[in-house]
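File shown: structure.pdb. Contents: PDB, C-alpha atoms, pLDDT in the B column.
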```pdb
ATOM      1  CA  MET Z 197     102.248  82.522  89.388  1.00 64.00           C
ATOM      2  CA  LYS Z 198     104.067  81.535  92.569  1.00 80.00           C
ATOM      3  CA  GLN Z 199     102.151  78.960  94.589  1.00 91.00           C
ATOM      4  CA  ILE Z 200     101.198  80.015  98.125  1.00 96.00           C
ATOM      5  CA  LYS Z 201     101.946  76.986 100.283  1.00 96.00           C
ATOM      6  CA  ILE Z 202      99.476  76.651 103.141  1.00 97.00           C
ATOM      7  CA  ALA Z 203      99.470  74.622 106.354  1.00 97.00           C
ATOM      8  CA  LEU Z 204      96.182  74.028 108.160  1.00 97.00           C
ATOM      9  CA  VAL Z 205      95.982  73.287 111.898  1.00 97.00           C
ATOM     10  CA  ASP Z 206      92.486  72.541 113.216  1.00 96.00           C
ATOM     11  CA  ASP Z 207      91.173  69.726 115.387  1.00 93.00           C
ATOM     12  CA  HIS Z 208      87.791  69.485 113.659  1.00 93.00           C
ATOM     13  CA  ASP Z 209      88.262  66.983 110.846  1.00 93.00           C
ATOM     14  CA  LEU Z 210      85.179  67.919 108.837  1.00 94.00           C
ATOM     15  CA  PHE Z 211      85.969  71.631 109.004  1.00 93.00           C
ATOM     16  CA  ARG Z 212      89.564  70.997 108.010  1.00 94.00           C
ATOM     17  CA  GLU Z 213      88.507  68.874 105.051  1.00 95.00           C
ATOM     18  CA  GLY Z 214      86.074  71.587 103.996  1.00 94.00           C
ATOM     19  CA  ILE Z 215      88.752  74.290 104.116  1.00 95.00           C
ATOM     20  CA  LYS Z 216      91.103  72.084 102.105  1.00 95.00           C
ATOM     21  CA  ALA Z 217      88.390  71.587  99.473  1.00 94.00           C
ATOM     22  CA  VAL Z 218      87.781  75.349  99.253  1.00 94.00           C
ATOM     23  CA  LEU Z 219      91.480  76.186  98.997  1.00 95.00           C
ATOM     24  CA  SER Z 220      92.007  73.573  96.288  1.00 92.00           C
ATOM     25  CA  GLN Z 221      89.573  75.534  94.099  1.00 93.00           C
ATOM     26  CA  ILE Z 222      91.673  78.722  94.275  1.00 94.00           C
ATOM     27  CA  GLU Z 223      94.398  79.082  91.672  1.00 93.00           C
ATOM     28  CA  GLY Z 224      97.815  79.633  93.218  1.00 95.00           C
ATOM     29  CA  PHE Z 225      96.953  78.035  96.571  1.00 96.00           C
ATOM     30  CA  GLU Z 226      98.315  74.679  97.690  1.00 95.00           C
ATOM     31  CA  VAL Z 227      97.692  72.968 101.045  1.00 96.00           C
ATOM     32  CA  ILE Z 228     100.976  71.210 101.770  1.00 96.00           C
ATOM     33  CA  PHE Z 229     100.219  70.058 105.320  1.00 97.00           C
ATOM     34  CA  ASP Z 230      97.227  69.653 107.603  1.00 96.00           C
ATOM     35  CA  THR Z 231      96.823  68.265 111.072  1.00 96.00           C
ATOM     36  CA  SER Z 232      94.466  68.234 114.043  1.00 95.00           C
ATOM     37  CA  ASP Z 233      97.339  68.522 116.535  1.00 95.00           C
ATOM     38  CA  GLY Z 234      99.537  71.532 117.279  1.00 96.00           C
ATOM     39  CA  TYR Z 235     102.430  69.352 118.404  1.00 96.00           C
ATOM     40  CA  LEU Z 236     102.459  67.532 115.058  1.00 96.00           C
ATOM     41  CA  PHE Z 237     102.560  70.885 113.304  1.00 97.00           C
ATOM     42  CA  LEU Z 238     105.557  71.954 115.421  1.00 97.00           C
ATOM     43  CA  ASP Z 239     107.311  68.725 114.457  1.00 96.00           C
ATOM     44  CA  TYR Z 240     106.554  69.480 110.810  1.00 96.00           C
ATOM     45  CA  LEU Z 241     108.170  72.920 111.129  1.00 95.00           C
ATOM     46  CA  GLN Z 242     111.479  71.288 111.968  1.00 93.00           C
ATOM     47  CA  SER Z 243     111.874  70.403 108.289  1.00 92.00           C
ATOM     48  CA  SER Z 244     109.442  72.596 106.315  1.00 93.00           C
ATOM     49  CA  THR Z 245     108.160  76.186 106.294  1.00 92.00           C
ATOM     50  CA  PRO Z 246     104.791  77.015 104.688  1.00 96.00           C
ATOM     51  CA  ASP Z 247     104.009  80.485 103.375  1.00 96.00           C
ATOM     52  CA  ILE Z 248     100.776  80.723 105.361  1.00 97.00           C
ATOM     53  CA  VAL Z 249      99.441  78.897 108.424  1.00 98.00           C
ATOM     54  CA  LEU Z 250      95.724  78.789 109.200  1.00 98.00           C
ATOM     55  CA  MET Z 251      95.610  78.170 112.949  1.00 97.00           C
ATOM     56  CA  ASP Z 252      92.635  77.122 115.037  1.00 95.00           C
ATOM     57  CA  ILE Z 253      92.468  78.812 118.455  1.00 92.00           C
ATOM     58  CA  ASN Z 254      90.824  76.110 120.554  1.00 89.00           C
ATOM     59  CA  MET Z 255      92.543  72.715 120.346  1.00 90.00           C
ATOM     60  CA  PRO Z 256      92.754  70.044 123.067  1.00 86.00           C
ATOM     61  CA  SER Z 257      96.414  69.025 123.326  1.00 88.00           C
ATOM     62  CA  ILE Z 258      97.983  72.463 122.841  1.00 94.00           C
ATOM     63  CA  ASP Z 259      95.905  75.516 121.961  1.00 94.00           C
ATOM     64  CA  GLY Z 260      96.442  77.965 119.143  1.00 95.00           C
ATOM     65  CA  VAL Z 261      98.074  80.578 121.380  1.00 94.00           C
ATOM     66  CA  GLU Z 262     100.863  78.278 122.573  1.00 96.00           C
ATOM     67  CA  THR Z 263     101.245  76.640 119.168  1.00 97.00           C
ATOM     68  CA  THR Z 264     101.653  80.072 117.584  1.00 97.00           C
ATOM     69  CA  LYS Z 265     104.260  81.166 120.145  1.00 96.00           C
ATOM     70  CA  LYS Z 266     106.304  77.987 119.718  1.00 96.00           C
ATOM     71  CA  ALA Z 267     105.958  78.044 115.924  1.00 97.00           C
ATOM     72  CA  LEU Z 268     107.295  81.601 115.719  1.00 96.00           C
ATOM     73  CA  GLN Z 269     110.205  80.664 117.966  1.00 95.00           C
ATOM     74  CA  LEU Z 270     111.087  77.967 115.429  1.00 93.00           C
ATOM     75  CA  SER Z 271     110.382  80.154 112.389  1.00 93.00           C
ATOM     76  CA  PRO Z 272     110.084  83.891 113.235  1.00 92.00           C
ATOM     77  CA  SER Z 273     109.016  84.895 109.717  1.00 91.00           C
ATOM     78  CA  LEU Z 274     106.039  82.516 109.682  1.00 95.00           C
ATOM     79  CA  CYS Z 275     102.742  84.151 108.631  1.00 96.00           C
ATOM     80  CA  ILE Z 276      99.921  82.851 110.821  1.00 97.00           C
ATOM     81  CA  ILE Z 277      96.216  83.620 110.441  1.00 97.00           C
ATOM     82  CA  ALA Z 278      93.924  82.642 113.308  1.00 95.00           C
ATOM     83  CA  LEU Z 279      90.779  80.699 112.444  1.00 93.00           C
ATOM     84  CA  SER Z 280      88.246  82.073 114.869  1.00 86.00           C
ATOM     85  CA  MET Z 281      84.743  81.536 116.106  1.00 82.00           C
ATOM     86  CA  PHE Z 282      82.832  84.771 116.729  1.00 67.00           C
ATOM     87  CA  SER Z 283      82.729  83.851 120.437  1.00 67.00           C
ATOM     88  CA  ASP Z 284      86.526  83.437 120.760  1.00 69.00           C
ATOM     89  CA  THR Z 285      87.024  87.049 121.857  1.00 71.00           C
ATOM     90  CA  VAL Z 286      88.778  86.124 125.105  1.00 73.00           C
ATOM     91  CA  HIS Z 287      91.627  84.734 122.991  1.00 81.00           C
ATOM     92  CA  TYR Z 288      91.907  87.497 120.364  1.00 82.00           C
ATOM     93  CA  THR Z 289      94.347  89.652 122.323  1.00 82.00           C
ATOM     94  CA  GLN Z 290      96.374  86.589 123.314  1.00 88.00           C
ATOM     95  CA  MET Z 291      96.676  85.521 119.681  1.00 90.00           C
ATOM     96  CA  ILE Z 292      97.742  89.014 118.588  1.00 87.00           C
ATOM     97  CA  ASN Z 293     100.380  89.131 121.312  1.00 87.00           C
ATOM     98  CA  ALA Z 294     101.507  85.644 120.292  1.00 92.00           C
ATOM     99  CA  GLY Z 295     102.220  87.011 116.814  1.00 92.00           C
ATOM    100  CA  VAL Z 296      99.374  86.159 114.427  1.00 93.00           C
ATOM    101  CA  ARG Z 297      99.002  88.381 111.371  1.00 91.00           C
ATOM    102  CA  GLY Z 298      95.216  88.296 111.152  1.00 90.00           C
ATOM    103  CA  PHE Z 299      91.886  86.688 111.961  1.00 91.00           C
ATOM    104  CA  VAL Z 300      89.334  84.994 109.751  1.00 93.00           C
ATOM    105  CA  LEU Z 301      86.023  83.799 111.133  1.00 90.00           C
ATOM    106  CA  LYS Z 302      85.256  80.146 110.527  1.00 90.00           C
ATOM    107  CA  ASN Z 303      82.040  81.092 108.741  1.00 90.00           C
ATOM    108  CA  ALA Z 304      83.909  83.265 106.214  1.00 90.00           C
ATOM    109  CA  ASN Z 305      83.186  82.734 102.522  1.00 93.00           C
ATOM    110  CA  LYS Z 306      85.751  81.777  99.891  1.00 93.00           C
ATOM    111  CA  PRO Z 307      86.446  85.344  98.629  1.00 94.00           C
ATOM    112  CA  GLU Z 308      87.211  86.559 102.150  1.00 93.00           C
ATOM    113  CA  LEU Z 309      89.487  83.594 102.918  1.00 95.00           C
ATOM    114  CA  LYS Z 310      91.291  84.195  99.615  1.00 95.00           C
ATOM    115  CA  LYS Z 311      91.684  87.908 100.379  1.00 93.00           C
ATOM    116  CA  ALA Z 312      93.044  87.211 103.867  1.00 94.00           C
ATOM    117  CA  ILE Z 313      95.641  84.712 102.645  1.00 96.00           C
ATOM    118  CA  GLU Z 314      96.767  86.944  99.784  1.00 94.00           C
ATOM    119  CA  GLU Z 315      97.042  90.008 102.008  1.00 91.00           C
ATOM    120  CA  VAL Z 316      99.049  88.263 104.727  1.00 93.00           C
ATOM    121  CA  SER Z 317     101.267  86.445 102.214  1.00 93.00           C
ATOM    122  CA  LYS Z 318     102.287  89.885 100.886  1.00 89.00           C
ATOM    123  CA  GLY Z 319     103.381  90.979 104.357  1.00 86.00           C
ATOM    124  CA  GLY Z 320     100.127  92.616 105.417  1.00 85.00           C
ATOM    125  CA  ASN Z 321      97.529  91.900 108.073  1.00 87.00           C
ATOM    126  CA  TYR Z 322      93.862  90.999 107.878  1.00 90.00           C
ATOM    127  CA  PHE Z 323      90.827  91.110 110.200  1.00 85.00           C
ATOM    128  CA  SER Z 324      87.295  89.960 109.457  1.00 86.00           C
ATOM    129  CA  THR Z 325      84.873  92.875 109.501  1.00 79.00           C
ATOM    130  CA  GLU Z 326      82.838  91.272 112.291  1.00 79.00           C
ATOM    131  CA  ILE Z 327      85.899  91.239 114.524  1.00 76.00           C
ATOM    132  CA  LEU Z 328      86.568  94.920 113.835  1.00 73.00           C
ATOM    133  CA  GLN Z 329      83.083  95.675 115.103  1.00 70.00           C
ATOM    134  CA  LYS Z 330      83.945  94.097 118.458  1.00 70.00           C
ATOM    135  CA  LEU Z 331      86.869  96.420 119.138  1.00 64.00           C
ATOM    136  CA  ALA Z 332      86.425  98.493 122.264  1.00 62.00           C
ATOM    137  CA  PHE Z 333      88.325 101.735 122.830  1.00 57.00           C
ATOM    138  CA  GLN Z 334      90.202 102.036 126.119  1.00 55.00           C
ATOM    139  CA  SER Z 335      90.805 105.489 127.578  1.00 51.00           C
ATOM    140  CA  ILE Z 336      94.570 106.016 127.945  1.00 49.00           C
ATOM    141  CA  HIS Z 337      96.221 109.405 128.349  1.00 46.00           C
ATOM    142  CA  ALA Z 338      97.675 110.609 125.070  1.00 46.00           C
ATOM    143  CA  ASN Z 339     101.220 111.144 126.363  1.00 48.00           C
ATOM    144  CA  GLN Z 340     101.428 107.431 127.114  1.00 49.00           C
ATOM    145  CA  ILE Z 341     101.094 106.502 123.466  1.00 59.00           C
ATOM    146  CA  ASN Z 342     103.517 108.416 121.299  1.00 60.00           C
ATOM    147  CA  GLN Z 343     101.964 111.816 121.920  1.00 78.00           C
ATOM    148  CA  LEU Z 344      98.680 111.276 120.104  1.00 85.00           C
ATOM    149  CA  THR Z 345      96.377 114.261 120.477  1.00 88.00           C
ATOM    150  CA  ALA Z 346      92.865 113.926 121.855  1.00 87.00           C
ATOM    151  CA  ARG Z 347      91.396 114.292 118.366  1.00 92.00           C
ATOM    152  CA  GLU Z 348      93.821 111.712 116.983  1.00 91.00           C
ATOM    153  CA  MET Z 349      92.642 109.373 119.725  1.00 88.00           C
ATOM    154  CA  ASP Z 350      89.053 109.912 118.546  1.00 90.00           C
ATOM    155  CA  VAL Z 351      90.018 109.171 114.955  1.00 92.00           C
ATOM    156  CA  LEU Z 352      92.085 106.149 116.020  1.00 89.00           C
ATOM    157  CA  ASP Z 353      89.063 104.659 117.779  1.00 86.00           C
ATOM    158  CA  LEU Z 354      86.884 104.985 114.678  1.00 89.00           C
ATOM    159  CA  VAL Z 355      89.586 103.858 112.225  1.00 88.00           C
ATOM    160  CA  CYS Z 356      90.109 100.691 114.263  1.00 82.00           C
ATOM    161  CA  LYS Z 357      86.369 100.048 114.164  1.00 80.00           C
ATOM    162  CA  GLY Z 358      86.484 100.034 110.382  1.00 79.00           C
ATOM    163  CA  LEU Z 359      84.688 103.310 109.643  1.00 85.00           C
ATOM    164  CA  THR Z 360      85.402 105.008 106.329  1.00 88.00           C
ATOM    165  CA  THR Z 361      86.899 108.494 106.087  1.00 92.00           C
ATOM    166  CA  GLN Z 362      83.481 109.976 105.304  1.00 93.00           C
ATOM    167  CA  GLU Z 363      81.814 108.132 108.199  1.00 93.00           C
ATOM    168  CA  ILE Z 364      84.485 109.384 110.604  1.00 94.00           C
ATOM    169  CA  ALA Z 365      84.095 112.920 109.284  1.00 95.00           C
ATOM    170  CA  ASP Z 366      80.321 112.794 109.774  1.00 95.00           C
ATOM    171  CA  LYS Z 367      80.639 111.363 113.284  1.00 94.00           C
ATOM    172  CA  LEU Z 368      83.230 113.895 114.450  1.00 95.00           C
ATOM    173  CA  PHE Z 369      81.776 116.869 112.505  1.00 95.00           C
ATOM    174  CA  ILE Z 370      85.033 117.508 110.645  1.00 95.00           C
ATOM    175  CA  SER Z 371      85.954 117.401 106.964  1.00 95.00           C
ATOM    176  CA  PRO Z 372      87.167 114.221 105.238  1.00 93.00           C
ATOM    177  CA  LYS Z 373      90.421 116.046 104.462  1.00 94.00           C
ATOM    178  CA  THR Z 374      90.971 116.672 108.169  1.00 95.00           C
ATOM    179  CA  VAL Z 375      90.310 113.011 108.888  1.00 95.00           C
ATOM    180  CA  GLU Z 376      92.985 112.038 106.373  1.00 94.00           C
ATOM    181  CA  VAL Z 377      95.472 114.426 108.003  1.00 95.00           C
ATOM    182  CA  HIS Z 378      94.784 112.861 111.400  1.00 94.00           C
ATOM    183  CA  ARG Z 379      95.011 109.344 109.944  1.00 93.00           C
ATOM    184  CA  THR Z 380      98.381 110.140 108.349  1.00 93.00           C
ATOM    185  CA  ASN Z 381      99.696 111.598 111.618  1.00 92.00           C
ATOM    186  CA  ILE Z 382      98.531 108.527 113.546  1.00 91.00           C
ATOM    187  CA  PHE Z 383     100.256 106.183 111.110  1.00 90.00           C
ATOM    188  CA  LEU Z 384     103.486 108.201 111.333  1.00 90.00           C
ATOM    189  CA  LYS Z 385     103.450 108.360 115.123  1.00 87.00           C
ATOM    190  CA  THR Z 386     102.698 104.663 115.536  1.00 86.00           C
ATOM    191  CA  ASN Z 387     104.954 103.567 112.652  1.00 85.00           C
ATOM    192  CA  VAL Z 388     102.294 101.462 110.916  1.00 85.00           C
ATOM    193  CA  ARG Z 389     101.290 101.234 107.261  1.00 81.00           C
ATOM    194  CA  ASN Z 390      97.581 100.381 107.344  1.00 80.00           C
ATOM    195  CA  THR Z 391      94.523  99.919 109.526  1.00 81.00           C
ATOM    196  CA  ALA Z 392      95.154  96.249 110.282  1.00 81.00           C
ATOM    197  CA  GLU Z 393      98.672  97.010 111.522  1.00 83.00           C
ATOM    198  CA  LEU Z 394      97.235  99.876 113.574  1.00 85.00           C
ATOM    199  CA  ILE Z 395      94.794  97.497 115.253  1.00 83.00           C
ATOM    200  CA  ILE Z 396      97.610  95.128 116.186  1.00 84.00           C
ATOM    201  CA  TRP Z 397      99.625  98.047 117.556  1.00 85.00           C
ATOM    202  CA  ALA Z 398      96.659  99.346 119.541  1.00 82.00           C
ATOM    203  CA  VAL Z 399      95.890  95.926 121.059  1.00 81.00           C
ATOM    204  CA  LYS Z 400      99.534  95.369 122.015  1.00 81.00           C
ATOM    205  CA  THR Z 401      99.692  98.773 123.712  1.00 79.00           C
ATOM    206  CA  ASN Z 402      96.415  98.022 125.568  1.00 78.00           C
ATOM    207  CA  LEU Z 403      94.746 100.950 123.858  1.00 77.00           C
ATOM    208  CA  ILE Z 404      91.907  98.828 122.519  1.00 71.00           C
ATOM    209  CA  SER Z 405      90.498  95.465 123.465  1.00 70.00           C
ATOM    210  CA  ILE Z 406      88.266  92.976 121.713  1.00 65.00           C
ATOM    211  CA  GLU Z 407      85.181  92.309 123.782  1.00 62.00           C
TER     212      GLU Z 407
END
```
With the file now loaded, output its structure as structure tokens.
Amino acid sequence: MKQIKIALVDDHDLFREGIKAVLSQIEGFEVIFDTSDGYLFLDYLQSSTPDIVLMDINMPSIDGVETTKKALQLSPSLCIIALSMFSDTVHYTQMINAGVRGFVLKNANKPELKKAIEEVSKGGNYFSTEILQKLAFQSIHANQINQLTAREMDVLDLVCKGLTTQEIADKLFISPKTVEVHRTNIFLKTNVRNTAELIIWAVKTNLISIE
């Protein structure tokens, strides 16, 4: 099994040590660098590239948004997951636009952290369920966003909020099969592969926000 090499950037020493202890218990994971300072991490990137970066949002010397932007300038293929407090919503959109591949709440359990790292390391995206529930749909005319129909806009809103196909069908009074047709059309029109990528697309196009 290929080791997933992880860098951890967080200014809270106890939290960082706790995350390192959790990750050390997961087969195939290896923390190769950790620091409390974004600038030190940027220096580290001059000579090394981890597979995954767990990035705190709020740090004193340089915050997670700027650290992410600068890190991706140095290494565009870097996979960064934001470590978030539930109250960090003001920064969610900024972090997405900076280029992070997902969000994990700091109170997440080990299975969720493992799932997030594995998903992003494979080229995917990941959002904690609690963050999905904070997505707010913004009303934008369909012809502004790749010709989505009004019904596709309805489905998009509910997909981004994490509802299942059956839940969307029940809410919109349509069949699950029809929901799947709309979902497929949305993915084709927005050129995304899954719900997490759709969320990132929708935030970047100002279609949804995170309140």
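The residues returned by the PyMOL selection byres ((chain Z and resi 312) around 9) for this structure are Ile277, Gly298, Phe299, Val300, Pro307, Glu308, Leu309, Lys310, Lys311, Ile313, Glu314, Glu315, Val316, Ser317, Asn321, Tyr322, Phe323 and Ser324 of chain Z.
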**OP:** With the file shown as input, list the residues that the PyMOL selection byres ((chain Z and resi 230-233) around 10) selects, as number ranges by chain.
**Re:** Z: 202-209, 212-213, 216, 227-229, 234-238, 240, 249-250, 252, 255-260, 263
Original post:
Hey, what comes out of the PyMOL selection byres ((chain Z and resi 293-296) around 8) on this file? Could you write it as a list of chain:residue names?
Top reply: Z:Val261, Z:Glu262, Z:Thr264, Z:Lys265, Z:Leu268, Z:Cys275, Z:Ile276, Z:Ile277, Z:Ala278, Z:Thr289, Z:Gln290, Z:Met291, Z:Ile292, Z:Arg297, Z:Gly298, Z:Phe299, Z:Lys400
Original post:
So which one's closest to Asp247 in chain Z, Z:Ile370, Z:Ala398, Z:Ile200, Z:Val218? Using all atoms listed in the file, please.
Top reply: Z:Ile200
**OP:** Name the residues in contact with Phe383 in chain Z at a cut-off of 8 Å, using all atoms listed in the file, excluding same-chain residues fewer than 6 positions from it; report them as a list in words.
**Re:** Arg389, Asn390 and Leu394 of chain Z
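If you look at CA of Pro246 in chain Z and CA of Lys198 in chain Z, they are 13.0 Å away from each other.
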Subject >> Nearest candidate to Asp366 in chain Z (options Z:Leu354, Z:Ile395, Z:Ile253, Z:Val388; using all atoms listed in the file) >> reply: Z:Leu354
**OP:** Compare Z:His378, Z:Lys385, Z:Asp239, Z:Ile248 by their minimum atom-to-atom distance to Lys318 in chain Z, counting only C-alpha atoms, and give me the closest one.
**Re:** Z:Ile248
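Distance annotation: of Z:Ala392, Z:Leu274, Z:Val399, Z:Val375, the residue with the minimal separation from Gly358 in chain Z is Z:Ala392; atom set is all atoms listed in the file.
A straight line drawn from CA of Val351 in chain Z to CA of Glu326 in chain Z is 19.5 Å long.
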With 8 Å on each side, where is the centre of the axis-aligned box around all listed atoms of range 215-234 of chain Z, and how long are its edges in Å to one decimal, as lines of an AutoDock Vina configuration file?
```
center_x = 94.4
center_y = 73.9
center_z = 104.5
size_x = 29.2
size_y = 27.4
size_z = 41.6
```
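Across the model, the gap from CA of Ile382 in chain Z to CA of Leu344 in chain Z is 7.1 Å.
Candidate residues Z:Arg347, Z:Thr380, Z:Met251, Z:Ser271 were compared for distance to Leu301 in chain Z, and the nearest is Z:Met251, using only C-alpha atoms.
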